[in-house]
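K.L.:
Below is the file query-v3.cif, with mmCIF, C-alpha atoms.
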```cif
data_query
#
loop_
_atom_site.label_atom_id
_atom_site.label_comp_id
_atom_site.auth_asym_id
_atom_site.auth_seq_id
_atom_site.Cartn_x
_atom_site.Cartn_y
_atom_site.Cartn_z
CA MET A 15 121.31 121.03 76.03
CA ARG A 16 122.99 119.39 78.99
CA ALA A 17 120.43 117.64 81.19
CA ALA A 18 120.71 115.87 84.54
CA ILE A 19 118.18 113.52 86.13
CA ALA A 20 117.71 112.54 89.78
CA THR A 21 115.44 109.62 90.62
CA LEU A 22 113.61 108.83 93.84
CA GLY A 23 111.48 105.79 94.58
CA CYS A 24 110.70 102.49 92.94
CA LYS A 25 112.13 100.46 90.07
CA ALA A 26 109.39 101.74 87.79
CA ASN A 27 110.69 105.26 88.42
CA GLN A 28 114.23 104.09 87.74
CA PHE A 29 113.16 102.56 84.44
CA GLU A 30 111.33 105.74 83.46
CA SER A 31 114.35 107.91 84.28
CA GLN A 32 116.50 105.67 82.09
CA ALA A 33 113.91 106.07 79.34
CA LEU A 34 114.02 109.86 79.78
CA GLU A 35 117.79 109.71 79.35
CA ALA A 36 117.37 107.71 76.15
CA LEU A 37 114.76 110.14 74.80
CA LEU A 38 117.01 113.10 75.55
CA ARG A 39 119.96 111.49 73.79
CA GLN A 40 117.81 110.55 70.80
CA ARG A 41 116.98 114.23 70.44
CA GLY A 42 120.64 115.24 70.46
CA HIS A 43 121.07 116.26 74.09
CA THR A 44 123.79 115.30 76.57
CA VAL A 45 122.90 113.64 79.85
CA VAL A 46 125.30 114.37 82.71
CA PRO A 47 125.44 113.35 86.38
CA PHE A 48 123.20 115.37 88.69
CA SER A 49 126.27 116.70 90.47
CA GLU A 50 127.55 118.44 87.31
CA GLU A 51 126.54 121.74 85.72
CA ALA A 52 123.58 121.39 83.39
CA ASP A 53 121.07 123.49 81.47
CA ALA A 54 118.16 121.49 82.86
CA TYR A 55 117.70 119.44 86.03
CA ILE A 56 114.90 116.87 86.15
CA VAL A 57 113.68 115.49 89.47
CA ASN A 58 111.68 112.27 89.04
CA THR A 59 109.77 112.15 92.30
CA CYS A 60 108.25 109.56 94.60
CA SER A 61 105.09 110.07 96.64
CA VAL A 62 104.59 106.70 98.30
CA THR A 63 104.99 108.23 101.79
CA ALA A 64 105.06 111.70 103.29
CA GLU A 65 108.81 111.25 103.72
CA SER A 66 109.13 110.52 100.00
CA ASP A 67 107.29 113.76 99.27
CA ARG A 68 109.59 115.65 101.60
CA LYS A 69 112.76 114.30 99.98
CA SER A 70 111.41 115.03 96.50
CA MET A 71 110.58 118.63 97.33
CA GLN A 72 113.86 119.09 99.17
CA LEU A 73 115.78 118.05 96.06
CA LEU A 74 113.75 120.39 93.86
CA ARG A 75 114.45 123.31 96.20
CA ARG A 76 118.14 122.45 96.11
CA VAL A 77 118.12 122.70 92.32
CA ARG A 78 116.56 126.16 92.52
CA ARG A 79 119.07 127.27 95.13
CA GLU A 80 122.23 125.87 93.55
CA HIS A 81 121.36 126.31 89.84
CA PRO A 82 119.12 129.40 89.58
CA ALA A 83 119.88 129.89 85.87
CA ALA A 84 118.97 126.33 84.88
CA VAL A 85 115.58 124.89 84.00
CA ALA A 86 114.08 123.10 87.00
CA ALA A 87 111.75 120.30 85.90
CA VAL A 88 109.78 117.88 88.02
CA CYS A 89 107.81 114.76 87.13
CA GLY A 90 106.60 111.54 88.72
CA CYS A 91 104.08 110.76 91.42
CA CYS A 92 104.56 113.83 93.61
CA PRO A 93 103.20 116.43 91.15
CA GLN A 94 100.48 113.98 90.17
CA THR A 95 99.17 113.70 93.73
CA HIS A 96 99.77 117.31 94.85
CA GLY A 97 99.15 119.30 91.69
CA ALA A 98 101.26 122.19 90.42
CA GLU A 99 100.44 124.57 93.24
CA GLY A 100 103.41 125.11 95.51
CA LEU A 101 105.92 123.49 93.14
CA ASP A 102 108.68 125.93 92.24
CA ALA A 103 109.59 124.48 88.84
CA ASP A 104 109.72 125.64 85.23
CA VAL A 105 108.26 122.38 83.91
CA ILE A 106 105.78 120.24 85.84
CA GLY A 107 104.84 116.83 84.53
CA GLY A 108 103.30 113.76 86.12
CA THR A 109 103.45 110.03 85.56
CA GLY A 110 102.46 110.00 81.90
CA ASP A 111 103.56 111.26 78.46
CA ARG A 112 107.30 111.23 79.04
CA ARG A 113 107.99 112.14 75.42
CA GLY A 114 105.83 115.23 75.75
CA PHE A 115 107.60 116.07 79.01
CA VAL A 116 111.01 116.02 77.26
CA GLU A 117 109.67 118.41 74.62
CA LEU A 118 108.43 120.79 77.33
CA VAL A 119 111.87 120.78 78.95
CA GLU A 120 113.39 121.69 75.57
CA GLN A 121 110.93 124.53 75.12
CA ALA A 122 111.53 125.88 78.62
CA ALA A 123 115.27 125.85 78.01
CA ALA A 124 114.68 127.98 74.93
CA ASP A 125 112.24 130.59 76.28
CA ARG A 126 112.16 130.09 80.09
CA LYS A 127 108.37 130.08 80.16
CA ARG A 128 106.64 127.92 82.75
CA ARG A 129 104.81 124.84 81.48
CA ILE A 130 102.45 122.48 83.27
CA ALA A 131 101.28 119.15 81.87
CA LEU A 132 99.21 117.19 84.37
CA ASP A 133 96.34 114.92 83.36
CA ASP A 134 93.87 112.83 85.34
CA PRO A 135 95.49 109.37 85.69
CA ARG A 136 92.07 107.79 86.15
CA THR A 137 91.31 108.43 82.48
CA ARG A 138 94.35 106.55 81.13
CA ARG A 139 93.58 103.40 79.20
CA THR A 140 96.74 102.63 77.23
CA PHE A 141 100.27 101.73 78.25
CA GLU A 142 102.93 104.30 77.40
CA SER A 143 105.68 102.28 75.74
CA LEU A 144 109.09 103.72 76.54
CA PRO A 145 112.52 102.59 75.34
CA ALA A 146 114.13 99.85 77.42
CA VAL A 147 117.83 100.67 77.49
CA ARG A 148 120.99 99.18 78.85
CA PRO A 149 122.12 101.35 81.77
CA THR A 150 125.71 102.53 81.54
CA ARG A 151 128.15 99.87 82.76
CA ARG A 152 125.35 97.63 84.01
CA THR A 153 124.81 93.94 83.35
CA ARG A 154 121.17 94.00 84.45
CA ALA A 155 118.36 95.98 82.84
CA MET A 156 114.74 96.62 83.68
CA LEU A 157 111.81 96.06 81.37
CA LYS A 158 108.64 97.86 82.39
CA ILE A 159 105.68 95.68 81.43
CA GLU A 160 102.84 97.31 83.38
CA ASP A 161 101.64 100.56 84.91
CA GLY A 162 98.85 101.43 87.32
CA CYS A 163 97.21 99.63 90.24
CA ALA A 164 93.68 98.72 91.29
CA ASN A 165 94.38 97.41 94.80
CA PHE A 166 93.68 100.64 96.74
CA CYS A 167 95.37 99.59 99.98
CA THR A 168 94.42 101.99 102.75
CA TYR A 169 98.00 103.27 103.24
CA CYS A 170 98.82 103.84 99.57
CA VAL A 171 98.22 106.78 97.21
CA ILE A 172 99.84 105.23 94.15
CA PRO A 173 96.59 104.10 92.40
CA TYR A 174 95.59 107.78 92.37
CA ALA A 175 98.99 108.81 90.98
CA ARG A 176 99.29 106.07 88.36
CA GLY A 177 95.72 105.27 87.36
CA PRO A 178 94.25 101.90 86.35
CA VAL A 179 96.19 98.86 85.20
CA ARG A 180 97.69 99.14 81.71
CA SER A 181 99.90 96.45 80.19
CA LEU A 182 102.64 96.39 77.58
CA PRO A 183 101.41 93.86 74.99
CA GLN A 184 103.39 90.65 74.64
CA ALA A 185 104.84 91.30 71.17
CA PRO A 186 106.58 94.61 72.01
CA ALA A 187 107.65 93.20 75.39
CA VAL A 188 109.39 90.32 73.62
CA GLU A 189 110.91 92.71 71.09
CA GLN A 190 112.34 94.92 73.83
CA ALA A 191 113.72 91.90 75.70
CA MET A 192 115.43 90.63 72.56
CA ASP A 193 116.91 94.08 71.95
CA LEU A 194 118.30 94.20 75.49
CA ALA A 195 119.80 90.74 75.07
CA ALA A 196 121.38 91.81 71.79
CA GLN A 197 123.00 94.73 73.67
CA GLY A 198 124.71 92.25 75.98
CA ILE A 199 122.33 92.36 78.93
CA ARG A 200 122.57 89.12 80.89
CA GLU A 201 119.58 89.65 83.18
CA ILE A 202 116.24 91.41 82.69
CA VAL A 203 114.04 92.43 85.62
CA LEU A 204 110.34 92.70 84.84
CA THR A 205 109.01 95.75 86.60
CA GLY A 206 105.91 97.90 86.89
CA ILE A 207 103.57 99.23 89.54
CA GLU A 208 101.71 95.94 90.03
CA ILE A 209 102.99 93.37 87.54
CA SER A 210 100.77 90.61 88.95
CA SER A 211 97.92 92.35 87.11
CA TRP A 212 99.67 92.19 83.73
CA GLY A 213 97.25 91.42 80.90
CA ARG A 214 94.09 92.23 82.84
CA ASP A 215 93.35 95.13 80.47
CA LEU A 216 94.26 93.37 77.22
CA PRO A 217 91.71 91.11 75.51
CA GLU A 218 93.06 87.56 75.15
CA ALA A 219 96.51 88.61 76.40
CA GLY A 220 96.73 85.91 79.05
CA ASN A 221 98.44 86.50 82.36
CA LEU A 222 101.88 87.06 83.82
CA ALA A 223 102.79 83.38 83.44
CA ASP A 224 102.04 83.57 79.71
CA LEU A 225 104.24 86.64 79.29
CA THR A 226 107.05 85.16 81.38
CA GLU A 227 107.05 81.98 79.29
CA ALA A 228 107.24 84.04 76.08
CA LEU A 229 110.09 86.18 77.36
CA CYS A 230 112.12 83.27 78.69
CA ALA A 231 111.75 81.49 75.33
CA ALA A 232 112.72 84.62 73.37
CA VAL A 233 115.96 85.22 75.29
CA PRO A 234 117.08 81.77 76.49
CA ASP A 235 120.60 82.93 77.33
CA THR A 236 119.39 85.87 79.45
CA ARG A 237 118.09 85.51 82.98
CA ILE A 238 114.57 86.78 83.64
CA ARG A 239 113.72 88.02 87.11
CA LEU A 240 110.23 88.96 88.29
CA GLY A 241 109.62 92.18 90.19
CA SER A 242 107.35 92.56 93.20
CA LEU A 243 104.31 90.25 93.20
CA GLU A 244 100.99 90.13 94.99
CA ALA A 245 100.23 86.88 96.80
CA GLY A 246 97.16 86.16 94.70
CA ILE A 247 99.24 85.52 91.57
CA VAL A 248 100.82 82.43 93.13
CA THR A 249 98.73 79.42 92.14
CA GLU A 250 99.64 75.82 91.41
CA ASP A 251 99.41 76.49 87.67
CA PHE A 252 101.63 79.61 88.01
CA CYS A 253 104.29 77.68 89.93
CA LYS A 254 104.15 74.59 87.73
CA ARG A 255 104.60 76.57 84.52
CA LEU A 256 107.33 78.87 85.80
CA SER A 257 109.30 76.03 87.40
CA ARG A 258 109.89 74.65 83.89
CA LEU A 259 111.72 77.79 82.74
CA PRO A 260 115.50 77.29 83.10
CA ASN A 261 116.38 80.97 82.79
CA LEU A 262 113.79 82.25 85.28
CA CYS A 263 115.43 83.36 88.53
CA PRO A 264 113.90 81.51 91.51
CA GLN A 265 113.47 84.67 93.55
CA PHE A 266 109.99 85.90 94.36
CA HIS A 267 109.32 89.19 96.09
CA LEU A 268 105.93 88.50 97.64
CA SER A 269 104.60 91.57 99.46
CA LEU A 270 103.40 90.73 102.99
CA GLN A 271 103.10 94.10 104.85
CA SER A 272 101.84 92.52 108.09
CA GLY A 273 101.79 89.12 109.74
CA CYS A 274 98.57 89.84 111.64
CA ASP A 275 95.15 89.23 110.09
CA ASP A 276 93.47 92.16 111.85
CA THR A 277 96.16 94.53 110.64
CA LEU A 278 95.93 93.14 107.11
CA ARG A 279 92.20 93.87 107.09
CA ARG A 280 92.79 97.47 108.16
CA MET A 281 95.40 97.76 105.42
CA GLY A 282 92.91 96.58 102.82
CA ARG A 283 95.11 93.68 101.76
CA LYS A 284 93.39 90.85 99.88
CA TYR A 285 94.70 87.82 101.81
CA ASP A 286 95.17 86.60 105.36
CA THR A 287 98.19 84.92 106.90
CA ALA A 288 96.89 81.39 106.24
CA GLN A 289 96.45 82.16 102.55
CA TYR A 290 99.86 83.79 102.38
CA ALA A 291 101.50 80.79 104.06
CA GLY A 292 99.83 78.59 101.44
CA LYS A 293 101.46 80.64 98.68
CA LEU A 294 104.87 80.17 100.29
CA ALA A 295 104.26 76.41 100.48
CA LEU A 296 103.41 76.31 96.77
CA LEU A 297 106.57 78.16 95.78
CA ARG A 298 108.70 75.86 97.92
CA ARG A 299 107.02 72.76 96.48
CA PHE A 300 107.84 73.66 92.89
CA PHE A 301 111.19 75.47 93.30
CA PRO A 302 114.18 74.09 95.25
CA ARG A 303 114.96 76.57 98.04
CA PRO A 304 113.53 79.62 96.29
CA ALA A 305 114.46 82.99 97.71
CA VAL A 306 111.23 84.56 98.92
CA THR A 307 111.72 88.21 99.84
CA THR A 308 109.14 90.62 101.18
CA ASP A 309 108.16 94.04 102.55
CA LEU A 310 106.83 94.64 106.05
CA ILE A 311 105.17 97.71 107.57
CA VAL A 312 105.24 97.99 111.36
CA GLY A 313 103.42 100.48 113.55
CA PHE A 314 100.35 100.64 111.31
CA PRO A 315 97.44 102.54 112.92
CA GLY A 316 95.78 100.44 115.60
CA GLU A 317 98.62 97.90 115.78
CA THR A 318 98.61 96.61 119.35
CA GLU A 319 101.49 94.86 121.07
CA ALA A 320 99.65 91.57 120.57
CA GLU A 321 99.24 92.26 116.87
CA PHE A 322 102.90 93.16 116.54
CA ASP A 323 103.88 89.97 118.37
CA ALA A 324 101.73 88.02 115.89
CA THR A 325 103.63 89.67 113.05
CA LEU A 326 106.99 88.71 114.57
CA SER A 327 105.85 85.11 115.02
CA PHE A 328 104.64 84.91 111.43
CA LEU A 329 107.84 86.52 110.20
CA ARG A 330 109.89 83.84 111.97
CA ALA A 331 107.70 81.07 110.53
CA CYS A 332 108.00 82.30 106.94
CA GLY A 333 111.79 82.08 106.71
CA PHE A 334 112.24 84.91 104.23
CA ALA A 335 115.54 85.28 102.39
CA ARG A 336 115.33 89.03 102.91
CA THR A 337 112.78 91.40 104.44
CA HIS A 338 112.57 95.15 103.95
CA VAL A 339 111.12 96.58 107.16
CA PHE A 340 109.48 100.02 107.18
CA PRO A 341 107.92 101.93 110.08
CA TYR A 342 104.51 103.15 108.96
CA SER A 343 104.59 106.68 107.55
CA PRO A 344 101.23 108.48 107.26
CA ARG A 345 100.49 109.52 103.70
CA PRO A 346 98.01 112.42 103.50
CA GLY A 347 95.10 111.58 101.25
CA THR A 348 94.92 107.92 102.27
CA ALA A 349 92.38 106.27 104.54
CA ALA A 350 95.07 105.09 106.96
CA ALA A 351 96.29 108.63 107.62
CA SER A 352 93.00 109.48 109.34
CA MET A 353 92.53 106.20 111.18
CA GLU A 354 92.35 106.16 114.95
CA GLY A 355 95.19 104.65 116.92
CA GLN A 356 98.15 106.32 115.23
CA ILE A 357 101.33 104.88 116.76
CA PRO A 358 103.93 107.27 118.25
CA GLY A 359 107.16 107.58 116.31
CA PRO A 360 109.46 106.09 118.99
CA VAL A 361 107.22 103.02 119.24
CA LYS A 362 107.26 102.54 115.47
CA GLU A 363 111.04 102.84 115.38
CA ALA A 364 111.44 100.34 118.21
CA ARG A 365 109.16 97.85 116.45
CA ALA A 366 111.10 98.34 113.22
CA ARG A 367 114.31 97.47 115.05
CA GLN A 368 112.74 94.34 116.54
CA ALA A 369 111.36 93.21 113.21
CA GLY A 370 114.68 94.01 111.56
CA SER A 371 116.45 91.73 114.02
CA VAL A 372 114.09 88.86 113.21
CA ALA A 373 114.53 89.55 109.49
CA ALA A 374 118.32 89.42 109.86
CA GLU A 375 118.07 86.03 111.61
CA SER A 376 115.95 84.67 108.74
CA GLN A 377 118.33 86.04 106.15
CA ARG A 378 121.31 84.47 107.85
CA ALA A 379 119.53 81.11 108.06
CA TYR A 380 118.67 81.22 104.37
CA LEU A 381 122.22 82.13 103.35
CA GLU A 382 123.73 79.45 105.59
CA GLY A 383 121.61 76.97 103.65
CA CYS A 384 123.37 78.13 100.46
CA VAL A 385 126.84 77.15 101.72
CA GLY A 386 128.13 74.17 99.74
CA GLU A 387 125.85 74.88 96.79
CA THR A 388 127.00 75.91 93.31
CA TYR A 389 125.34 78.84 91.54
CA GLY A 390 125.77 80.60 88.24
CA VAL A 391 126.78 84.09 89.34
CA LEU A 392 126.37 87.15 87.14
CA PHE A 393 129.24 89.45 88.08
CA GLU A 394 128.61 93.18 88.05
CA GLN A 395 131.55 95.01 89.59
CA ASP A 396 135.01 94.78 91.16
CA ARG A 397 135.30 96.36 94.57
CA GLU A 398 137.67 96.07 97.52
CA GLY A 399 139.47 93.10 96.00
CA PHE A 400 136.34 91.09 95.19
CA ALA A 401 134.37 90.43 92.06
CA ARG A 402 130.76 90.97 93.15
CA GLY A 403 127.62 89.63 91.56
CA HIS A 404 124.33 87.92 92.20
CA ALA A 405 123.18 84.33 92.14
CA PRO A 406 119.80 83.44 90.58
CA ASN A 407 118.27 83.70 94.07
CA TYR A 408 119.56 87.31 94.19
CA ALA A 409 121.98 86.61 97.01
CA GLU A 410 125.11 88.73 96.65
CA VAL A 411 128.17 86.60 95.94
CA ARG A 412 131.81 87.66 96.21
CA VAL A 413 134.91 85.88 94.93
CA SER A 414 138.58 86.86 95.03
CA ALA A 415 138.97 87.00 91.26
CA PRO A 416 138.57 90.49 89.75
CA GLY A 417 137.91 91.19 86.08
CA LEU A 418 134.66 89.25 85.72
CA ARG A 419 132.18 92.07 85.08
CA ASN A 420 129.25 91.04 82.86
CA LEU A 421 130.36 87.39 82.94
CA LEU A 422 128.25 84.50 84.20
CA ARG A 423 130.42 81.99 86.04
CA PRO A 424 129.80 78.94 88.26
CA VAL A 425 130.72 79.54 91.88
CA ARG A 426 130.82 77.10 94.78
CA ILE A 427 129.72 78.83 97.98
CA ARG A 428 132.14 78.42 100.88
CA SER A 429 130.84 80.75 103.60
CA THR A 430 128.54 83.60 104.55
CA ASP A 431 128.65 86.51 106.97
CA GLY A 432 124.86 86.55 107.21
CA LYS A 433 124.50 89.17 104.49
CA VAL A 434 126.77 88.07 101.65
CA LEU A 435 127.90 84.74 100.23
CA TYR A 436 131.60 84.07 99.62
CA GLY A 437 132.76 81.47 97.15
CA GLU A 438 135.29 80.32 94.62
CA LEU A 439 135.16 79.92 90.87
CA ILE A 440 134.87 76.39 89.60
CA GLN A 441 137.65 75.60 87.14
CA SER A 442 136.46 73.50 84.23
CA ASP A 443 139.57 72.50 82.32
CA GLY A 444 143.19 71.73 82.80
CA GLU A 445 144.33 75.21 81.84
CA GLY A 446 142.37 76.93 84.60
CA ARG A 447 139.76 78.56 82.37
CA GLU A 448 136.21 78.93 83.60
CA THR A 449 133.18 78.33 81.42
CA PRO A 450 129.67 79.74 81.83
#
```
Write out the structure in this file as structure tokens.
P.N.:
Amino acid sequence: MRAAIATLGCKANQFESQALEALLRQRGHTVVPFSEEADAYIVNTCSVTAESDRKSMQLLRRVRREHPAAVAAVCGCCPQTHGAEGLDADVIGGTGDRRGFVELVEQAAADRKRRIALDDPRTRRTFESLPAVRPTRRTRAMLKIEDGCANFCTYCVIPYARGPVRSLPQAPAVEQAMDLAAQGIREIVLTGIEISSWGRDLPEAGNLADLTEALCAAVPDTRIRLGSLEAGIVTEDFCKRLSRLPNLCPQFHLSLQSGCDDTLRRMGRKYDTAQYAGKLALLRRFFPRPAVTTDLIVGFPGETEAEFDATLSFLRACGFARTHVFPYSPRPGTAAASMEGQIPGPVKEARARQAGSVAAESQRAYLEGCVGETYGVLFEQDREGFARGHAPNYAEVRVSAPGLRNLLRPVRIRSTDGKVLYGELIQSDGEGRETP
């Protein structure tokens, strides 16, 4: 069987699609690009916003229209939150039992009978361990260490789609990391739905700092990068322990969502701006110029001009290395979708542009502070005459020296355009050879 997979949404979805590819190959099937002819097309959906739902369903309809003879299969958060009704697909799965989902796709390809496999995520208690694989021609791989969320923010449906927190135990996590390193992976990104909660469901498992220490020790020549974090995970003990790990990337994606306390309360977030600022101060005390990145939602229901101005002021004060700005998108089924004070679309878009401008200023300031520094850069691709890669702080670095893919090389930063760093390789011996 020739199968193709399209992925929408978060890094957890991306990891799971890569695992689906591995499972298909293990069972003797061929995985092809989504643009090619296939016997089965799998759409791994996202349901974090109404727009995500729309894009997911649009792609599924396109499969039906362009490949009427093929098996159309859908999985991910969208079927889990909407149910099977209204989904024109031969196989409908959710956010669990990916191995069973692959078997259903095989069966549908054989007899063309419709199959539905949706459970109640709230009843899940164990982590579904999936193969961590090296993506084709990639130097970086993801390792999913956690699933589920118990935060229940008022704008988010994901806890209902993913269920409670479940963690990959430390021993198999270390084993998977060592396997990825043995395959030549130079950087592993720890991902999940809410990795700050890792270990909460496992007796005597410890916390995310314990797991990170174990992983960094197990693969000392491989960089470890943390995925998105909640502010509460950042404590003095967390920072002190992680600052001692030489192969931990000093980049921390610390979700903010709003810089106004009243808005944060309506969002159901578990911190205020003073507490969040304290977390930033801790990270900057223990790590030299860490890259703190974040997400920001503007135009949340009830957000006044004064509240938005407070967010812009806080955004300027934080000095983020990068900020992803999103205009609020109502998600049916969440508390925020029915709140009073819904903001008109044009106002949300205008606020997103304003916040984006402030974010760009902060990014430029952070990158300008990198000029003159030397970083170990993991190169990933050659493009337009440059070798391109990322520094430990996740800033993109370009040098005029192609042919470095999957190599880690020291680079002295010479300039920035506000988005990318430009540098030169440091030569380490008289014959012009570079060393890692």
K.L.:
Evaluate the PyMOL selection byres ((chain A and resi 171-179) around 10) and record the selected residues as number ranges by chain, following the chain and residue labels used in the document.
P.N.:
A: 60-63, 90-96, 108-110, 134-141, 160-170, 180-181, 206-209, 211-216, 345-349
K.L.:
Return as AutoDock Vina command-line options the box centre and box size in Å, one decimal, for an axis-aligned box around all listed atoms of segment 158-172 of chain A padded by 3 Å per side.
P.N.:
```
--center_x 101.2 --center_y 101.2 --center_z 92.3 --size_x 21.0 --size_y 17.1 --size_z 27.8
```
K.L.:
Counting only C-alpha atoms, which residues of segment 347-422 of chain A sit at most 12 Å from some atom of segment 320-338 of chain A, and what is each one's closest atom pair with its distance in Å to one decimal, listed by chain and rising residue number, as a tab-separated table?
P.N.:
```
residue	atom	partner	partner_atom	distance
A:Ile357	CA	A:Phe322	CA	11.8
A:Val361	CA	A:Phe322	CA	11.1
A:Lys362	CA	A:Phe322	CA	10.4
A:Ala364	CA	A:Phe322	CA	11.3
A:Arg365	CA	A:Phe322	CA	7.8
A:Ala366	CA	A:His338	CA	9.9
A:Arg367	CA	A:Leu326	CA	11.4
A:Gln368	CA	A:Leu326	CA	8.3
A:Ala369	CA	A:Leu326	CA	6.4
A:Gly370	CA	A:Thr337	CA	7.8
A:Ser371	CA	A:Leu326	CA	9.9
A:Val372	CA	A:Arg330	CA	6.7
A:Ala373	CA	A:Thr337	CA	5.7
A:Ala374	CA	A:Arg336	CA	7.6
A:Glu375	CA	A:Arg330	CA	8.5
A:Ser376	CA	A:Gly333	CA	5.3
A:Gln377	CA	A:Ala335	CA	4.7
A:Arg378	CA	A:Ala335	CA	8.0
A:Ala379	CA	A:Gly333	CA	7.9
A:Tyr380	CA	A:Ala335	CA	5.5
A:Leu381	CA	A:Ala335	CA	7.4
A:Glu382	CA	A:Ala335	CA	10.6
A:Gly383	CA	A:Ala335	CA	10.4
A:Cys384	CA	A:Ala335	CA	10.8
A:Asn407	CA	A:Ala335	CA	8.9
A:Tyr408	CA	A:Ala335	CA	9.4
A:Ala409	CA	A:Ala335	CA	8.5
A:Glu410	CA	A:Arg336	CA	11.6
```
K.L.:
Since I can't run it myself right now, could you work out what the PyMOL selection byres ((chain A and resi 287) around 9) selects here and report it as a ChimeraX atom specification?
P.N.:
/A:270,272-275,278,285-286,288-292,328
K.L.:
Of the candidates A:Arg79, A:Gln356, A:Ser269, A:Pro183, which shows the shortest atom-to-atom distance to Gly220 of chain A, using only C-alpha atoms?
P.N.:
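Of all the options, A:Pro183 lies closest to Gly220 of chain A.
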K.L.:
For each of A:Ala228, A:Val306, A:Ala98, A:Ala87, take the minimum atom-to-atom distance to Ala191 of chain A, counting all atoms listed in the file, then give the residue where this is smallest.
P.N.:
A:Ala228
K.L.:
Using only C-alpha atoms, pick whichever of A:Pro149, A:Gly246, A:Pro234, A:Gly313 has the shortest atom-to-atom distance to Met281 of chain A.
P.N.:
A:Gly313
K.L.:
One number please: atom CA of Gly42 of chain A to atom CA of Glu117 of chain A, in Å, one decimal.
P.N.:
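Interatomic distance, atom CA of Gly42 of chain A to atom CA of Glu117 of chain A: 12.2 Å.
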K.L.:
Counting all atoms listed in the file, which residue out of A:Ala185, A:Val57, A:Leu204, A:Leu118 sits closest to Phe29 of chain A?
P.N.:
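When distances to Phe29 of chain A are compared using all atoms listed in the file, the smallest one comes from A:Leu204.
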K.L.:
Residues near Glu201 of chain A, anyone? I mean within 10 Å using all atoms listed in the file, not counting same-chain ones fewer than 3 positions away, as a PyMOL selection string.
P.N.:
chain A and resi 152-156+191+194-195+198+204+233+235-239+261-263+392+406+420
K.L.:
Considering all atoms listed in the file, can you say which of A:Glu65, A:Asn221, A:Ala54, A:Leu37 comes closest to Leu22 of chain A?
P.N.:
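The closest residue to Leu22 of chain A is A:Glu65.
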